[in-house]
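Raw entry-v2.pdb, PDB, C-alpha atoms:
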ATOM      1  CA  MET A   1     -53.232-203.075 -84.905  1.00  0.00           C
ATOM      2  CA  VAL A   2     -55.675-202.537 -87.780  1.00  0.00           C
ATOM      3  CA  GLU A   3     -56.381-198.975 -88.801  1.00  0.00           C
ATOM      4  CA  HIS A   4     -59.382-197.590 -90.654  1.00  0.00           C
ATOM      5  CA  TRP A   5     -58.282-196.299 -94.031  1.00  0.00           C
ATOM      6  CA  GLN A   6     -60.168-194.604 -96.864  1.00  0.00           C
ATOM      7  CA  ALA A   7     -58.788-194.283-100.369  1.00  0.00           C
ATOM      8  CA  ALA A   8     -60.034-192.025-103.130  1.00  0.00           C
ATOM      9  CA  ALA A   9     -60.105-193.774-106.496  1.00  0.00           C
ATOM     10  CA  SER A  10     -59.161-192.181-109.774  1.00  0.00           C
ATOM     11  CA  GLU A  11     -61.093-189.096-110.794  1.00  0.00           C
ATOM     12  CA  GLY A  12     -64.448-189.884-112.347  1.00  0.00           C
ATOM     13  CA  VAL A  13     -64.678-193.329-110.753  1.00  0.00           C
ATOM     14  CA  GLY A  14     -65.813-192.291-107.292  1.00  0.00           C
ATOM     15  CA  GLU A  15     -64.466-193.230-103.909  1.00  0.00           C
ATOM     16  CA  MET A  16     -63.295-196.645-102.834  1.00  0.00           C
ATOM     17  CA  SER A  17     -65.136-198.226 -99.933  1.00  0.00           C
ATOM     18  CA  ASP A  18     -63.509-197.882 -96.527  1.00  0.00           C
ATOM     19  CA  LEU A  19     -60.916-200.543 -95.860  1.00  0.00           C
ATOM     20  CA  ASN A  20     -59.334-201.870 -92.684  1.00  0.00           C
ATOM     21  CA  LEU A  21     -55.593-202.142 -93.186  1.00  0.00           C
ATOM     22  CA  SER A  22     -52.955-203.121 -90.680  1.00  0.00           C
ATOM     23  CA  VAL A  23     -49.804-201.058 -90.342  1.00  0.00           C
ATOM     24  CA  GLU A  24     -47.857-203.931 -91.959  1.00  0.00           C
ATOM     25  CA  THR A  25     -50.187-203.992 -94.970  1.00  0.00           C
ATOM     26  CA  GLN A  26     -49.956-200.229 -95.385  1.00  0.00           C
ATOM     27  CA  GLU A  27     -46.177-200.508 -95.401  1.00  0.00           C
ATOM     28  CA  GLU A  28     -46.309-203.193 -98.070  1.00  0.00           C
ATOM     29  CA  LEU A  29     -48.610-201.085-100.236  1.00  0.00           C
ATOM     30  CA  THR A  30     -45.801-198.563-100.543  1.00  0.00           C
ATOM     31  CA  LEU A  31     -43.976-201.189-102.626  1.00  0.00           C
ATOM     32  CA  PHE A  32     -46.542-200.591-105.358  1.00  0.00           C
ATOM     33  CA  ALA A  33     -46.505-196.772-105.212  1.00  0.00           C
ATOM     34  CA  ASN A  34     -45.696-194.849-108.391  1.00  0.00           C
ATOM     35  CA  ASP A  35     -45.706-198.025-110.496  1.00  0.00           C
ATOM     36  CA  HIS A  36     -42.646-199.398-108.707  1.00  0.00           C
ATOM     37  CA  GLU A  37     -41.993-203.089-109.160  1.00  0.00           C
ATOM     38  CA  PRO A  38     -42.101-204.769-105.710  1.00  0.00           C
ATOM     39  CA  GLU A  39     -38.941-206.631-104.794  1.00  0.00           C
ATOM     40  CA  MET A  40     -39.603-209.975-103.138  1.00  0.00           C
ATOM     41  CA  PRO A  41     -36.937-211.102-100.662  1.00  0.00           C
ATOM     42  CA  ARG A  42     -34.609-213.573-102.397  1.00  0.00           C
ATOM     43  CA  GLU A  43     -35.437-216.339 -99.918  1.00  0.00           C
ATOM     44  CA  TYR A  44     -39.140-216.038-100.717  1.00  0.00           C
ATOM     45  CA  MET A  45     -38.623-216.231-104.484  1.00  0.00           C
ATOM     46  CA  GLN A  46     -36.389-219.300-104.171  1.00  0.00           C
ATOM     47  CA  PHE A  47     -38.884-221.060-101.921  1.00  0.00           C
ATOM     48  CA  ALA A  48     -41.859-220.223-104.162  1.00  0.00           C
ATOM     49  CA  PHE A  49     -40.098-221.631-107.227  1.00  0.00           C
ATOM     50  CA  THR A  50     -39.051-224.896-105.583  1.00  0.00           C
ATOM     51  CA  TRP A  51     -42.497-225.366-104.055  1.00  0.00           C
ATOM     52  CA  MET A  52     -44.146-225.181-107.499  1.00  0.00           C
ATOM     53  CA  THR A  53     -42.060-228.141-108.641  1.00  0.00           C
ATOM     54  CA  PHE A  54     -42.629-230.075-105.429  1.00  0.00           C
ATOM     55  CA  ASN A  55     -46.360-229.325-105.651  1.00  0.00           C
ATOM     56  CA  ARG A  56     -46.569-231.045-109.020  1.00  0.00           C
ATOM     57  CA  ILE A  57     -44.652-234.055-107.730  1.00  0.00           C
ATOM     58  CA  TYR A  58     -46.952-234.778-104.797  1.00  0.00           C
ATOM     59  CA  ASN A  59     -50.064-234.116-106.883  1.00  0.00           C
ATOM     60  CA  GLU A  60     -48.824-236.579-109.507  1.00  0.00           C
ATOM     61  CA  ASN A  61     -48.227-239.255-106.864  1.00  0.00           C
ATOM     62  CA  ASN A  62     -51.157-238.933-104.476  1.00  0.00           C
ATOM     63  CA  ALA A  63     -54.860-238.504-105.187  1.00  0.00           C
ATOM     64  CA  ASP A  64     -55.969-237.752-101.623  1.00  0.00           C
ATOM     65  CA  PRO A  65     -58.480-234.860-101.701  1.00  0.00           C
ATOM     66  CA  SER A  66     -56.701-233.227 -98.742  1.00  0.00           C
ATOM     67  CA  GLU A  67     -53.594-231.289 -99.748  1.00  0.00           C
ATOM     68  CA  PRO A  68     -51.945-231.563 -96.297  1.00  0.00           C
ATOM     69  CA  ARG A  69     -52.399-235.342 -96.459  1.00  0.00           C
ATOM     70  CA  ARG A  70     -50.886-235.412 -99.958  1.00  0.00           C
ATOM     71  CA  VAL A  71     -47.868-233.545 -98.619  1.00  0.00           C
ATOM     72  CA  ILE A  72     -47.509-235.846 -95.606  1.00  0.00           C
ATOM     73  CA  GLY A  73     -47.958-238.884 -97.847  1.00  0.00           C
ATOM     74  CA  MET A  74     -45.164-237.614-100.064  1.00  0.00           C
ATOM     75  CA  GLY A  75     -43.033-237.324 -96.951  1.00  0.00           C
ATOM     76  CA  ASP A  76     -43.750-240.949 -96.099  1.00  0.00           C
ATOM     77  CA  GLN A  77     -42.528-241.942 -99.573  1.00  0.00           C
ATOM     78  CA  LEU A  78     -39.350-239.879 -99.115  1.00  0.00           C
ATOM     79  CA  GLU A  79     -38.445-241.204 -95.662  1.00  0.00           C
ATOM     80  CA  GLY A  80     -35.434-242.951 -97.184  1.00  0.00           C
ATOM     81  CA  ILE A  81     -33.639-239.632 -97.735  1.00  0.00           C
ATOM     82  CA  TRP A  82     -34.270-238.340 -94.202  1.00  0.00           C
ATOM     83  CA  ASP A  83     -30.574-238.276 -93.369  1.00  0.00           C
ATOM     84  CA  LYS A  84     -30.015-235.792 -96.199  1.00  0.00           C
ATOM     85  CA  VAL A  85     -32.222-233.177 -94.534  1.00  0.00           C
ATOM     86  CA  SER A  86     -32.073-234.065 -90.842  1.00  0.00           C
ATOM     87  CA  GLY A  87     -29.667-231.233 -90.006  1.00  0.00           C
ATOM     88  CA  LEU A  88     -31.974-228.676 -91.592  1.00  0.00           C
ATOM     89  CA  ALA A  89     -34.960-230.293 -89.874  1.00  0.00           C
ATOM     90  CA  HIS A  90     -33.190-229.883 -86.527  1.00  0.00           C
ATOM     91  CA  ALA A  91     -32.624-226.182 -87.264  1.00  0.00           C
ATOM     92  CA  LEU A  92     -36.259-225.679 -88.309  1.00  0.00           C
ATOM     93  CA  VAL A  93     -37.804-227.182 -85.178  1.00  0.00           C
ATOM     94  CA  SER A  94     -35.319-225.330 -82.981  1.00  0.00           C
ATOM     95  CA  LEU A  95     -37.180-222.136 -83.895  1.00  0.00           C
ATOM     96  CA  GLU A  96     -40.541-221.015 -82.522  1.00  0.00           C
ATOM     97  CA  CYS A  97     -43.473-223.232 -83.430  1.00  0.00           C
ATOM     98  CA  ILE A  98     -44.900-222.262 -86.825  1.00  0.00           C
ATOM     99  CA  GLY A  99     -48.258-220.518 -86.581  1.00  0.00           C
ATOM    100  CA  GLY A 100     -51.239-221.085 -88.830  1.00  0.00           C
ATOM    101  CA  GLU A 101     -54.281-219.422 -87.262  1.00  0.00           C
ATOM    102  CA  ARG A 102     -54.401-215.810 -86.138  1.00  0.00           C
ATOM    103  CA  ASP A 103     -55.145-215.298 -82.461  1.00  0.00           C
ATOM    104  CA  PRO A 104     -57.155-212.199 -81.402  1.00  0.00           C
ATOM    105  CA  SER A 105     -53.839-210.816 -80.142  1.00  0.00           C
ATOM    106  CA  GLY A 106     -52.577-210.823 -83.721  1.00  0.00           C
ATOM    107  CA  ILE A 107     -50.041-213.603 -83.105  1.00  0.00           C
ATOM    108  CA  LEU A 108     -50.293-216.787 -85.152  1.00  0.00           C
ATOM    109  CA  ARG A 109     -50.967-219.883 -83.075  1.00  0.00           C
ATOM    110  CA  PRO A 110     -50.069-223.313 -84.491  1.00  0.00           C
ATOM    111  CA  LYS A 111     -52.641-225.702 -85.855  1.00  0.00           C
ATOM    112  CA  THR A 112     -52.963-228.947 -83.911  1.00  0.00           C
ATOM    113  CA  GLU A 113     -51.340-231.020 -86.650  1.00  0.00           C
ATOM    114  CA  VAL A 114     -48.416-228.604 -86.952  1.00  0.00           C
ATOM    115  CA  LYS A 115     -47.881-228.565 -83.196  1.00  0.00           C
ATOM    116  CA  SER A 116     -47.996-232.360 -83.111  1.00  0.00           C
ATOM    117  CA  ALA A 117     -45.436-232.637 -85.906  1.00  0.00           C
ATOM    118  CA  THR A 118     -43.197-230.066 -84.211  1.00  0.00           C
ATOM    119  CA  HIS A 119     -43.263-231.848 -80.840  1.00  0.00           C
ATOM    120  CA  TYR A 120     -42.614-235.190 -82.505  1.00  0.00           C
ATOM    121  CA  LEU A 121     -39.480-233.896 -84.222  1.00  0.00           C
ATOM    122  CA  ARG A 122     -38.263-232.012 -81.148  1.00  0.00           C
ATOM    123  CA  GLU A 123     -38.535-235.199 -79.122  1.00  0.00           C
ATOM    124  CA  TYR A 124     -36.785-237.160 -81.876  1.00  0.00           C
ATOM    125  CA  PHE A 125     -33.863-234.718 -81.754  1.00  0.00           C
ATOM    126  CA  HIS A 126     -33.961-234.543 -77.941  1.00  0.00           C
ATOM    127  CA  ILE A 127     -34.547-230.814 -78.121  1.00  0.00           C
ATOM    128  CA  ASP A 128     -36.038-229.892 -74.763  1.00  0.00           C
ATOM    129  CA  ASP A 129     -36.612-233.412 -73.426  1.00  0.00           C
ATOM    130  CA  GLY A 130     -39.851-233.862 -71.523  1.00  0.00           C
ATOM    131  CA  ILE A 131     -41.558-230.919 -73.181  1.00  0.00           C
ATOM    132  CA  ASP A 132     -45.064-230.280 -71.859  1.00  0.00           C
ATOM    133  CA  GLY A 133     -47.382-229.284 -74.673  1.00  0.00           C
ATOM    134  CA  SER A 134     -49.770-227.479 -72.343  1.00  0.00           C
ATOM    135  CA  ASP A 135     -47.053-225.514 -70.548  1.00  0.00           C
ATOM    136  CA  CYS A 136     -44.189-225.063 -72.982  1.00  0.00           C
ATOM    137  CA  HIS A 137     -41.147-223.083 -71.927  1.00  0.00           C
ATOM    138  CA  PHE A 138     -39.167-223.788 -75.089  1.00  0.00           C
ATOM    139  CA  ILE A 139     -36.225-221.465 -74.840  1.00  0.00           C
ATOM    140  CA  THR A 140     -36.575-219.835 -78.266  1.00  0.00           C
ATOM    141  CA  CYS A 141     -40.273-218.997 -77.840  1.00  0.00           C
ATOM    142  CA  ARG A 142     -41.299-215.464 -76.980  1.00  0.00           C
ATOM    143  CA  PRO A 143     -43.546-215.310 -73.885  1.00  0.00           C
ATOM    144  CA  GLU A 144     -46.418-213.901 -75.963  1.00  0.00           C
ATOM    145  CA  LYS A 145     -46.051-216.766 -78.444  1.00  0.00           C
ATOM    146  CA  ARG A 146     -46.198-219.316 -75.603  1.00  0.00           C
ATOM    147  CA  THR A 147     -49.437-217.730 -74.408  1.00  0.00           C
ATOM    148  CA  VAL A 148     -51.234-218.539 -77.662  1.00  0.00           C
ATOM    149  CA  CYS A 149     -49.353-221.795 -78.385  1.00  0.00           C
ATOM    150  CA  ASN A 150     -49.760-223.610 -75.075  1.00  0.00           C
ATOM    151  CA  PRO A 151     -53.580-223.968 -75.204  1.00  0.00           C
ATOM    152  CA  VAL A 152     -53.336-225.758 -78.579  1.00  0.00           C
ATOM    153  CA  ALA A 153     -53.459-229.502 -77.977  1.00  0.00           C
ATOM    154  CA  ALA A 154     -50.734-231.668 -79.504  1.00  0.00           C
ATOM    155  CA  GLY A 155     -51.544-235.254 -80.338  1.00  0.00           C
ATOM    156  CA  PRO A 156     -49.297-238.221 -81.126  1.00  0.00           C
ATOM    157  CA  TRP A 157     -47.658-238.276 -84.547  1.00  0.00           C
ATOM    158  CA  SER A 158     -48.195-241.591 -86.334  1.00  0.00           C
ATOM    159  CA  ARG A 159     -46.544-240.831 -89.674  1.00  0.00           C
ATOM    160  CA  SER A 160     -42.917-240.587 -90.790  1.00  0.00           C
ATOM    161  CA  LYS A 161     -40.271-238.061 -89.747  1.00  0.00           C
ATOM    162  CA  MET A 162     -40.193-236.712 -93.297  1.00  0.00           C
ATOM    163  CA  GLY A 163     -43.967-236.462 -93.265  1.00  0.00           C
ATOM    164  CA  ALA A 164     -43.766-234.357 -90.105  1.00  0.00           C
ATOM    165  CA  LEU A 165     -41.070-232.148 -91.604  1.00  0.00           C
ATOM    166  CA  LEU A 166     -42.957-231.565 -94.836  1.00  0.00           C
ATOM    167  CA  ARG A 167     -46.115-230.725 -92.891  1.00  0.00           C
ATOM    168  CA  LEU A 168     -44.137-227.892 -91.302  1.00  0.00           C
ATOM    169  CA  VAL A 169     -42.706-226.770 -94.642  1.00  0.00           C
ATOM    170  CA  TYR A 170     -46.228-226.843 -96.077  1.00  0.00           C
ATOM    171  CA  GLN A 171     -47.396-224.514 -93.297  1.00  0.00           C
ATOM    172  CA  VAL A 172     -44.584-222.092 -94.142  1.00  0.00           C
ATOM    173  CA  ARG A 173     -45.794-222.206 -97.736  1.00  0.00           C
ATOM    174  CA  CYS A 174     -49.403-221.546 -96.677  1.00  0.00           C
ATOM    175  CA  ASN A 175     -48.385-218.587 -94.551  1.00  0.00           C
ATOM    176  CA  LEU A 176     -46.355-217.136 -97.395  1.00  0.00           C
ATOM    177  CA  VAL A 177     -49.099-217.557-100.003  1.00  0.00           C
ATOM    178  CA  HIS A 178     -51.932-216.385 -97.748  1.00  0.00           C
ATOM    179  CA  GLY A 179     -50.162-213.287 -96.517  1.00  0.00           C
ATOM    180  CA  ASP A 180     -48.988-214.206 -93.040  1.00  0.00           C
ATOM    181  CA  LYS A 181     -45.347-213.666 -93.894  1.00  0.00           C
ATOM    182  CA  ARG A 182     -44.737-209.905 -93.772  1.00  0.00           C
ATOM    183  CA  LEU A 183     -42.538-208.710 -96.615  1.00  0.00           C
ATOM    184  CA  MET A 184     -41.376-205.684 -94.660  1.00  0.00           C
ATOM    185  CA  ALA A 185     -41.360-207.152 -91.165  1.00  0.00           C
ATOM    186  CA  SER A 186     -38.312-206.144 -89.172  1.00  0.00           C
ATOM    187  CA  GLY A 187     -36.717-207.180 -85.902  1.00  0.00           C
ATOM    188  CA  PHE A 188     -37.273-210.649 -84.456  1.00  0.00           C
ATOM    189  CA  GLN A 189     -40.346-211.415 -86.572  1.00  0.00           C
ATOM    190  CA  GLY A 190     -38.742-210.407 -89.842  1.00  0.00           C
ATOM    191  CA  GLU A 191     -35.558-212.362 -89.198  1.00  0.00           C
ATOM    192  CA  ARG A 192     -37.480-215.443 -88.049  1.00  0.00           C
ATOM    193  CA  ASP A 193     -39.737-215.345 -91.120  1.00  0.00           C
ATOM    194  CA  LYS A 194     -36.743-215.178 -93.441  1.00  0.00           C
ATOM    195  CA  GLU A 195     -35.031-218.016 -91.605  1.00  0.00           C
ATOM    196  CA  LEU A 196     -38.148-220.209 -91.792  1.00  0.00           C
ATOM    197  CA  VAL A 197     -38.410-219.607 -95.515  1.00  0.00           C
ATOM    198  CA  ARG A 198     -34.668-220.078 -96.070  1.00  0.00           C
ATOM    199  CA  LEU A 199     -34.595-223.402 -94.233  1.00  0.00           C
ATOM    200  CA  SER A 200     -37.729-224.576 -96.036  1.00  0.00           C
ATOM    201  CA  TYR A 201     -36.131-223.725 -99.380  1.00  0.00           C
ATOM    202  CA  GLU A 202     -32.927-225.588 -98.501  1.00  0.00           C
ATOM    203  CA  ILE A 203     -34.965-228.640 -97.480  1.00  0.00           C
ATOM    204  CA  LEU A 204     -36.979-228.639-100.704  1.00  0.00           C
ATOM    205  CA  LYS A 205     -33.861-228.072-102.818  1.00  0.00           C
ATOM    206  CA  ILE A 206     -32.266-231.220-101.413  1.00  0.00           C
ATOM    207  CA  ILE A 207     -35.472-233.215-101.842  1.00  0.00           C
ATOM    208  CA  LEU A 208     -35.809-232.172-105.481  1.00  0.00           C
ATOM    209  CA  ARG A 209     -32.147-232.948-106.115  1.00  0.00           C
ATOM    210  CA  GLU A 210     -32.528-236.425-104.625  1.00  0.00           C
ATOM    211  CA  ILE A 211     -35.722-237.119-106.558  1.00  0.00           C
ATOM    212  CA  GLY A 212     -34.041-235.944-109.750  1.00  0.00           C
ATOM    213  CA  SER A 213     -30.969-238.099-109.107  1.00  0.00           C
ATOM    214  CA  ALA A 214     -33.088-241.177-108.402  1.00  0.00           C
ATOM    215  CA  THR A 215     -35.025-240.728-111.665  1.00  0.00           C
ATOM    216  CA  GLY A 216     -31.991-239.809-113.742  1.00  0.00           C
ATOM    217  CA  LYS A 217     -33.178-236.230-114.254  1.00  0.00           C
ATOM    218  CA  ALA A 218     -30.468-234.540-112.207  1.00  0.00           C
ATOM    219  CA  GLU A 219     -27.012-235.765-113.043  1.00  0.00           C
TER     220      GLU A 219
END
Take the structure in the file and give it back as structure tokens.
Amino acid sequence: MVEHWQAAASEGVGEMSDLNLSVETQEELTLFANDHEPEMPREYMQFAFTWMTFNRIYNENNADPSEPRRVIGMGDQLEGIWDKVSGLAHALVSLECIGGERDPSGILRPKTEVKSATHYLREYFHIDDGIDGSDCHFITCRPEKRTVCNPVAAGPWSRSKMGALLRLVYQVRCNLVHGDKRLMASGFQGERDKELVRLSYEILKIILREIGSATGKAE
């Protein structure tokens, strides 16, 4: 729910324009009250740091103007180390599908490419064999999440397994950077967000280690 909120600016400056702020955003603003330094969850800081390094690697190796395609292309190049991360990939796609676009209900629905990558990996791991993209009853999905996820069409995935996995990790990164990971979320949503970020960090950590070992930079 988004509430109407009006803030008075410092004396002599006048009043700030009315703002619409969700309850979650208002809670996060308290992190900045009285000049307090906000404390980012450890998982988020670790993921952000590793992504910066990985970001440079795929930009240095792929000139495609589309960032998602650069990420997927990097995955194709790294397919040879799939076995190093397959266990973490299994854990990641065993969670709810990763959202990317906010539904009017407030729940994030997956983008078509993300849903396609998710279904491809679930089928690869034989998680929920025979899954129907238009009527998913994946056991870990909340009913309200299914409602917004099922109408999203999933197409065939024609790239590598690592490309599919990194497309999902990239979506976690986008949600974190663009504010769709709630710093103070609690309950199911908060725990799932932390687990998504934790798994994504562990995946990237292994990838960076393997790249470093192959180039002689991590011995």
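Closest to Leu92 of chain A among A:Asn55, A:Thr112, A:Ser213, A:Thr140 is A:Thr140, based on all atoms listed in the file.
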- Decode the PyMOL selection byres ((chain A and resi 103) around 12) for the given file into explicit residues and return them as a ChimeraX atom specification. /A:99-102,104-111,144-149,151-152
Would you tabulate, counting all atoms listed in the file, all residues of segment 89-165 of chain A that have an atom at most 9 Å from an atom of segment 57-79 of chain A, showing the closest pair of atoms and their distance in Å to one decimal, sorted by chain then ascending number, as a Markdown table?
| residue | atom | partner | partner_atom | distance |
| --- | --- | --- | --- | --- |
| A:Arg159 | CA | A:Asp76 | CA | 7.0 |
| A:Ser160 | CA | A:Asp76 | CA | 5.4 |
| A:Lys161 | CA | A:Glu79 | CA | 6.9 |
| A:Met162 | CA | A:Gly75 | CA | 4.7 |
| A:Gly163 | CA | A:Gly75 | CA | 3.9 |
| A:Ala164 | CA | A:Ile72 | CA | 6.8 |
| A:Leu165 | CA | A:Gly75 | CA | 7.7 |
- the PyMOL selection byres ((chain A and resi 114) around 8) on the file shown: which residues, as a PyMOL selection string? chain A and resi 98+110-113+115-118+167-168+171
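You will find atom CA of Lys205 of chain A at 10.1 Å from atom CA of Thr53 of chain A.
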- Item | Residue IDs satisfying the PyMOL selection byres ((chain A and resi 199) around 12), as number ranges by chain | A: 43-44, 46-47, 85-95, 165-166, 168-169, 172-173, 192-198, 200-206
- Would you mind reading off the distance between atom CA of Trp51 of chain A and atom CA of His178 of chain A, one decimal, in Å?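 Separating atom CA of Trp51 of chain A from atom CA of His178 of chain A is a distance of 14.5 Å.
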- Query: Separation of atom CA of Glu210 of chain A and atom CA of Lys84 of chain A, in Å?
  - Reply: 8.8 Å
